[in-house]
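Encoded as structure tokens, the structure appears first; notes follow it.
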Amino acid sequence: MVRIHRRLRQREVAARAGLSDAIVSRIEHGELASMTHRTVSKVAEVLEIRLDYRARWHGADLDRMAGQDHADLVETVAQWLLREGWQVRPEISFSIWGDRGAVDLLAWLPSRQWLLVIEVKTDVVDVGETLRRLGVKRRRAAEIAASVGWLDPASISTALVIADTRTNHRRVAAHRETFRASLPDTGQALRALVLASVRVRGRAARSVAALCFMPYRRSGSTRPRTSGVRRVRARQGSDRRAA
């Protein structure tokens with residue numbers, strides 16, 4: 001459909017992709033079983049088509065499972081804040097002068113009028129985009145808080161809470177200076193803030209911009225997710241048969 005819409009012949013697409021006419025014809029007829037990803041990608045690039053692959057397991061999309069992990073981590077952080085006397089609002093959407101998005105957790109400590117914006121990540125993927133979005137939420141924090149009745153914060157803090165896995169530690173280490181420039185404080189500073197032990201002069205408190213790793217328990221599990229890869233040991237019987 002795209003080829004015809006762009007008024008191209010199969011021969012022209014094949015030439016631009018560096019492939020044969022027959023391969024382009026087979027792709028158009030859905031004969032992909034013997035095709036490599038690179039071959040299909042070459043044709044897609046010529047036609048400016050983006051290829052998306054969706055993995056499924058027992059009929060469920062894996063992104064839904066990843067979404068459950070995110071929800072579990074958000075719940076872990078929220079429960080911690082609630083235990084320390086903070087008010088918590090999850091998934092606060094906003095649209096302010098072209099800036100739009102959703103805050104994973106917005107927290108408020110009434111006794112000090114401290115506001116805390118928390119972004120939660122189970123996996124660190126796009127560092128630049130993550131920090132950009134967090135910056136927007138920090139800049140709009142007072143306005144977002146006002147929409148839920150939390151007015152005139154004495155201080156505004158931000159935190160990027162990341163699932164405590166080896167993979168995430170490795171990715172953060174690879175971009176250490178980038179993270180440090182935007183989030184110079186540590187998990188200890190965030191803990192001090194949450195416990196309301198940060199020194200205060202009058203109503204003003206030092207704002208915290210922290211990155212911290214948070215272990216959490218997955219739904220239906222008593223074991224914290226603390227590693228990026230889980231190795232599965234084969235059964236002894238299988239080992240003997242393989243031998």
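Quick note on naming: the chains in the structure tokens go A, B, ... in the order shown, residues restart at 1 in each chain, and ligands are numbered from 1 in order of appearance.
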Could you name the residues that touch Leu73 (chain A) at 9 Å or less, counting only C-alpha atoms, but leaving out those on the same chain fewer than 2 positions away, as a compact mmCIF listing (two decimals) with C-alpha atoms, in the first residue's frame?
```txt
# COMPACT_ATOMS: atom_id res chain seq x y z
CA GLN A 68 2.95 -4.08 36.63
CA ASP A 69 6.57 -3.88 37.77
CA HIS A 70 6.36 -0.08 37.53
CA ALA A 71 3.14 -0.05 39.53
CA GLU A 75 3.44 1.43 45.45
CA THR A 76 6.63 0.65 47.40
CA VAL A 77 7.73 4.30 47.33
CA ALA A 78 4.22 5.56 48.16
CA VAL A 120 9.92 6.17 39.12
CA LYS A 121 11.80 3.97 36.67
CA THR A 122 12.02 0.19 36.63
CA VAL A 161 13.83 6.52 42.02
CA ILE A 162 15.22 3.59 40.04
CA ALA A 163 14.70 -0.12 40.60
CA MET A 214 15.02 1.29 45.55
CA PRO A 215 14.65 -2.47 46.11
CA TYR A 216 11.06 -3.67 45.89
CA ARG A 217 9.03 -6.86 45.92
CA ARG A 218 7.22 -7.92 42.80
```
If we count only C-alpha atoms, what is near region 131-133 of chain A at a cut-off of 9 Å, once residues fewer than 2 positions away on the same chain are taken out, given as a short mmCIF file (atom, residue, chain, number, x, y, z; two decimals) with N, CA and C atoms, in the first residue's frame?
```cif
data_model
loop_
_atom_site.label_atom_id
_atom_site.label_comp_id
_atom_site.auth_asym_id
_atom_site.auth_seq_id
_atom_site.Cartn_x
_atom_site.Cartn_y
_atom_site.Cartn_z
N GLY A 101 2.14 16.04 30.72
CA GLY A 101 2.68 14.76 31.14
C GLY A 101 1.95 14.28 32.38
N ASP A 126 16.27 5.74 28.13
CA ASP A 126 16.66 7.00 27.49
C ASP A 126 17.00 8.02 28.58
N VAL A 127 18.29 8.19 28.85
CA VAL A 127 18.72 9.06 29.94
C VAL A 127 18.31 10.51 29.68
N GLY A 128 18.60 11.01 28.49
CA GLY A 128 18.29 12.40 28.17
C GLY A 128 16.82 12.72 28.29
N GLU A 129 15.97 11.85 27.76
CA GLU A 129 14.53 12.07 27.81
C GLU A 129 14.00 12.00 29.25
N GLY A 135 12.82 17.49 34.50
CA GLY A 135 13.04 18.93 34.58
C GLY A 135 11.75 19.72 34.36
N VAL A 136 10.94 19.27 33.42
CA VAL A 136 9.65 19.93 33.16
C VAL A 136 8.76 19.82 34.39
N LYS A 137 8.72 18.65 35.00
CA LYS A 137 7.86 18.45 36.18
C LYS A 137 8.36 19.27 37.36
N ARG A 138 9.67 19.41 37.48
CA ARG A 138 10.22 20.25 38.54
C ARG A 138 9.83 21.71 38.32
N LEU A 160 14.58 10.96 41.40
CA LEU A 160 14.46 9.89 40.41
C LEU A 160 14.74 8.59 41.14
N PHE A 179 23.92 12.34 35.05
CA PHE A 179 22.99 12.25 36.17
C PHE A 179 23.40 13.21 37.30
N SER A 182 22.32 16.86 36.94
CA SER A 182 20.90 17.15 37.16
C SER A 182 20.43 16.74 38.55
N LEU A 183 21.03 15.67 39.08
CA LEU A 183 20.59 15.12 40.36
C LEU A 183 21.81 14.90 41.25
#
```
Review point. Leaving out Glu143 (chain A) and any residue of its chain fewer than 4 positions from it, which residues lie within 12 Å of it when counting only C-alpha atoms, given as a ChimeraX atom specification?
Key: /A:92-97,99,106,115,136-139,147-153,156
Writing out the chosen residues with N, CA and C atoms as a PDB file, in the first residue's frame:
```pdb
ATOM      1  N   ILE A  92      -0.476  12.137  38.697  1.00  0.00           N
ATOM      2  CA  ILE A  92      -1.114  13.437  38.534  1.00  0.00           C
ATOM      3  C   ILE A  92      -0.805  13.963  37.135  1.00  0.00           C
ATOM      4  N   SER A  93      -1.826  14.038  36.288  1.00  0.00           N
ATOM      5  CA  SER A  93      -1.644  14.543  34.926  1.00  0.00           C
ATOM      6  C   SER A  93      -1.661  16.067  34.925  1.00  0.00           C
ATOM      7  N   PHE A  94      -0.938  16.661  33.979  1.00  0.00           N
ATOM      8  CA  PHE A  94      -0.924  18.120  33.866  1.00  0.00           C
ATOM      9  C   PHE A  94      -0.761  18.542  32.404  1.00  0.00           C
ATOM     10  N   SER A  95      -1.256  19.708  32.100  1.00  0.00           N
ATOM     11  CA  SER A  95      -1.081  20.339  30.792  1.00  0.00           C
ATOM     12  C   SER A  95      -1.052  21.834  31.040  1.00  0.00           C
ATOM     13  N   ILE A  96       0.170  22.402  31.013  1.00  0.00           N
ATOM     14  CA  ILE A  96       0.364  23.806  31.382  1.00  0.00           C
ATOM     15  C   ILE A  96       1.199  24.498  30.301  1.00  0.00           C
ATOM     16  N   TRP A  97       0.555  25.346  29.544  1.00  0.00           N
ATOM     17  CA  TRP A  97       1.247  26.123  28.517  1.00  0.00           C
ATOM     18  C   TRP A  97       2.168  25.260  27.635  1.00  0.00           C
ATOM     19  N   ASP A  99       3.410  22.374  28.196  1.00  0.00           N
ATOM     20  CA  ASP A  99       4.069  21.303  28.954  1.00  0.00           C
ATOM     21  C   ASP A  99       2.997  20.337  29.437  1.00  0.00           C
ATOM     22  N   LEU A 106       3.391  12.593  43.518  1.00  0.00           N
ATOM     23  CA  LEU A 106       3.516  13.946  44.047  1.00  0.00           C
ATOM     24  C   LEU A 106       3.254  13.842  45.541  1.00  0.00           C
ATOM     25  N   LEU A 115       7.262  20.061  49.237  1.00  0.00           N
ATOM     26  CA  LEU A 115       6.719  19.377  48.066  1.00  0.00           C
ATOM     27  C   LEU A 115       7.802  18.510  47.444  1.00  0.00           C
ATOM     28  N   VAL A 136      10.940  19.271  33.418  1.00  0.00           N
ATOM     29  CA  VAL A 136       9.652  19.927  33.158  1.00  0.00           C
ATOM     30  C   VAL A 136       8.757  19.824  34.395  1.00  0.00           C
ATOM     31  N   LYS A 137       8.716  18.650  35.002  1.00  0.00           N
ATOM     32  CA  LYS A 137       7.864  18.450  36.180  1.00  0.00           C
ATOM     33  C   LYS A 137       8.358  19.274  37.359  1.00  0.00           C
ATOM     34  N   ARG A 138       9.667  19.407  37.476  1.00  0.00           N
ATOM     35  CA  ARG A 138      10.221  20.251  38.542  1.00  0.00           C
ATOM     36  C   ARG A 138       9.833  21.711  38.318  1.00  0.00           C
ATOM     37  N   ARG A 139       9.927  22.151  37.081  1.00  0.00           N
ATOM     38  CA  ARG A 139       9.620  23.546  36.773  1.00  0.00           C
ATOM     39  C   ARG A 139       8.150  23.871  37.000  1.00  0.00           C
ATOM     40  N   SER A 147      -3.048  22.421  41.767  1.00  0.00           N
ATOM     41  CA  SER A 147      -4.236  21.800  41.185  1.00  0.00           C
ATOM     42  C   SER A 147      -4.873  20.780  42.129  1.00  0.00           C
ATOM     43  N   VAL A 148      -4.103  20.305  43.134  1.00  0.00           N
ATOM     44  CA  VAL A 148      -4.664  19.360  44.111  1.00  0.00           C
ATOM     45  C   VAL A 148      -4.796  20.009  45.498  1.00  0.00           C
ATOM     46  N   GLY A 149      -4.626  21.337  45.540  1.00  0.00           N
ATOM     47  CA  GLY A 149      -4.845  22.058  46.794  1.00  0.00           C
ATOM     48  C   GLY A 149      -3.638  22.228  47.683  1.00  0.00           C
ATOM     49  N   TRP A 150      -2.453  21.915  47.181  1.00  0.00           N
ATOM     50  CA  TRP A 150      -1.236  22.101  47.967  1.00  0.00           C
ATOM     51  C   TRP A 150      -0.592  23.412  47.532  1.00  0.00           C
ATOM     52  N   LEU A 151      -0.721  24.448  48.347  1.00  0.00           N
ATOM     53  CA  LEU A 151      -0.345  25.795  47.955  1.00  0.00           C
ATOM     54  C   LEU A 151       0.914  26.287  48.665  1.00  0.00           C
ATOM     55  N   ASP A 152       1.643  27.169  47.977  1.00  0.00           N
ATOM     56  CA  ASP A 152       2.812  27.865  48.530  1.00  0.00           C
ATOM     57  C   ASP A 152       3.820  26.934  49.193  1.00  0.00           C
ATOM     58  N   PRO A 153       4.408  26.001  48.453  1.00  0.00           N
ATOM     59  CA  PRO A 153       5.408  25.109  49.063  1.00  0.00           C
ATOM     60  C   PRO A 153       6.630  25.885  49.557  1.00  0.00           C
ATOM     61  N   ILE A 156      10.747  22.829  47.113  1.00  0.00           N
ATOM     62  CA  ILE A 156      10.351  21.866  46.092  1.00  0.00           C
ATOM     63  C   ILE A 156      11.547  20.963  45.810  1.00  0.00           C
TER      64      ILE A 156
END
```
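Near Arg38 (chain A), within 12 Å and counting only C-alpha atoms, sit A:Ala17, A:Gly18, A:Leu19, A:Leu32, A:Ser34, A:Met35, A:Ser41, A:Lys42, A:Val43, A:Ala44, A:Glu45, A:Leu51, not including residues fewer than 3 positions from it in the same chain.
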Resulting file, chosen residues, C-alpha atoms, as a JSON list (two decimals), in the first residue's frame:
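In the end it all went to part-v3.json:
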```json
[["chain", "number", "residue", "atom", "x", "y", "z"],
["A", 17, "ALA", "CA", 17.31, -1.32, -0.97],
["A", 18, "GLY", "CA", 20.04, -3.24, -2.78],
["A", 19, "LEU", "CA", 17.86, -6.34, -3.07],
["A", 32, "LEU", "CA", 8.73, -13.53, 5.98],
["A", 34, "SER", "CA", 13.02, -17.09, 5.83],
["A", 35, "MET", "CA", 13.73, -13.33, 5.81],
["A", 41, "SER", "CA", 14.46, -3.34, 7.40],
["A", 42, "LYS", "CA", 16.12, -2.33, 4.14],
["A", 43, "VAL", "CA", 12.79, -2.37, 2.33],
["A", 44, "ALA", "CA", 11.07, -0.59, 5.21],
["A", 45, "GLU", "CA", 13.71, 2.16, 5.22],
["A", 51, "LEU", "CA", 8.79, -1.67, 12.12]]
```
Exercise for review: Just the strand (DSSP E or B) stuff from region 55-211 of chain A, please, per backbone DSSP, written as a PyMOL selection string.
Suggested key: chain A and resi 56-57+60-61+87-96+99-109+114-121+155-163+185+200-201+204-205+209-211
Generate a file of the selected residues that holds C-alpha atoms, formatted as a JSON list (two decimals), in the first residue's frame.
```
[["chain", "number", "residue", "atom", "x", "y", "z"],
["A", 56, "ARG", "CA", 3.75, -11.89, 23.89],
["A", 57, "TRP", "CA", 3.77, -14.58, 26.55],
["A", 60, "ALA", "CA", -0.26, -11.23, 27.34],
["A", 61, "ASP", "CA", 1.84, -8.32, 26.12],
["A", 87, "GLN", "CA", 0.41, 12.95, 51.72],
["A", 88, "VAL", "CA", 0.77, 11.22, 48.36],
["A", 89, "ARG", "CA", -0.97, 11.61, 45.01],
["A", 90, "PRO", "CA", -0.06, 9.11, 42.25],
["A", 91, "GLU", "CA", -0.29, 9.72, 38.51],
["A", 92, "ILE", "CA", -1.11, 13.44, 38.53],
["A", 93, "SER", "CA", -1.64, 14.54, 34.93],
["A", 94, "PHE", "CA", -0.92, 18.12, 33.87],
["A", 95, "SER", "CA", -1.08, 20.34, 30.79],
["A", 96, "ILE", "CA", 0.36, 23.81, 31.38],
["A", 99, "ASP", "CA", 4.07, 21.30, 28.95],
["A", 100, "ARG", "CA", 2.14, 18.11, 29.53],
["A", 101, "GLY", "CA", 2.68, 14.76, 31.14],
["A", 102, "ALA", "CA", 2.05, 12.89, 34.38],
["A", 103, "VAL", "CA", 3.90, 12.85, 37.69],
["A", 104, "ASP", "CA", 4.39, 9.32, 39.03],
["A", 105, "LEU", "CA", 4.18, 10.50, 42.64],
["A", 106, "LEU", "CA", 3.52, 13.95, 44.05],
["A", 107, "ALA", "CA", 4.11, 14.12, 47.80],
["A", 108, "TRP", "CA", 3.40, 16.83, 50.38],
["A", 109, "LEU", "CA", 4.53, 17.14, 54.00],
["A", 114, "TRP", "CA", 7.53, 20.57, 51.57],
["A", 115, "LEU", "CA", 6.72, 19.38, 48.07],
["A", 116, "LEU", "CA", 8.39, 16.35, 46.50],
["A", 117, "VAL", "CA", 8.15, 15.31, 42.84],
["A", 118, "ILE", "CA", 9.12, 11.69, 42.21],
["A", 119, "GLU", "CA", 9.78, 9.98, 38.91],
["A", 120, "VAL", "CA", 9.92, 6.17, 39.12],
["A", 121, "LYS", "CA", 11.80, 3.97, 36.67],
["A", 155, "SER", "CA", 10.63, 23.98, 49.22],
["A", 156, "ILE", "CA", 10.35, 21.87, 46.09],
["A", 157, "SER", "CA", 12.45, 18.71, 45.78],
["A", 158, "THR", "CA", 12.75, 16.12, 43.04],
["A", 159, "ALA", "CA", 13.82, 12.50, 43.06],
["A", 160, "LEU", "CA", 14.46, 9.89, 40.41],
["A", 161, "VAL", "CA", 13.83, 6.52, 42.02],
["A", 162, "ILE", "CA", 15.22, 3.59, 40.04],
["A", 163, "ALA", "CA", 14.70, -0.12, 40.60],
["A", 185, "ASP", "CA", 22.07, 14.43, 45.80],
["A", 200, "VAL", "CA", 15.25, 24.26, 58.41],
["A", 201, "ARG", "CA", 15.59, 28.01, 58.88],
["A", 204, "ALA", "CA", 12.76, 27.57, 54.00],
["A", 205, "ALA", "CA", 14.43, 24.21, 53.56],
["A", 209, "ALA", "CA", 17.50, 16.75, 43.75],
["A", 210, "ALA", "CA", 18.30, 13.10, 44.30],
["A", 211, "LEU", "CA", 18.86, 9.89, 42.42]]
```
Point to revise | Selection near Leu195 (chain A), 9 Å with only C-alpha atoms, sequence-local residues under 3 positions removed, as a list in words | key: Leu81, Glu84, Gly85, Leu190, Arg191, Ala192 and Val198 of chain A
Point to revise | For CA of Val74 (chain A) and CA of Arg166 (chain A), the interatomic separation in Å (one decimal) | key: 19.3 Å
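The closest residue to Thr165 (chain A), picked from A:Val124, A:Val13, A:Val40, A:Met1 and counting only C-alpha atoms, is A:Val124.
With distances restricted to only C-alpha atoms, A:Cys212 is the closest residue to Asn168 (chain A) from A:Cys212, A:Ala196, A:Leu82, A:Ile49.
In this model, the gap between CA of Gly67 (chain A) and CA of Asp123 (chain A) comes to 10.9 Å.
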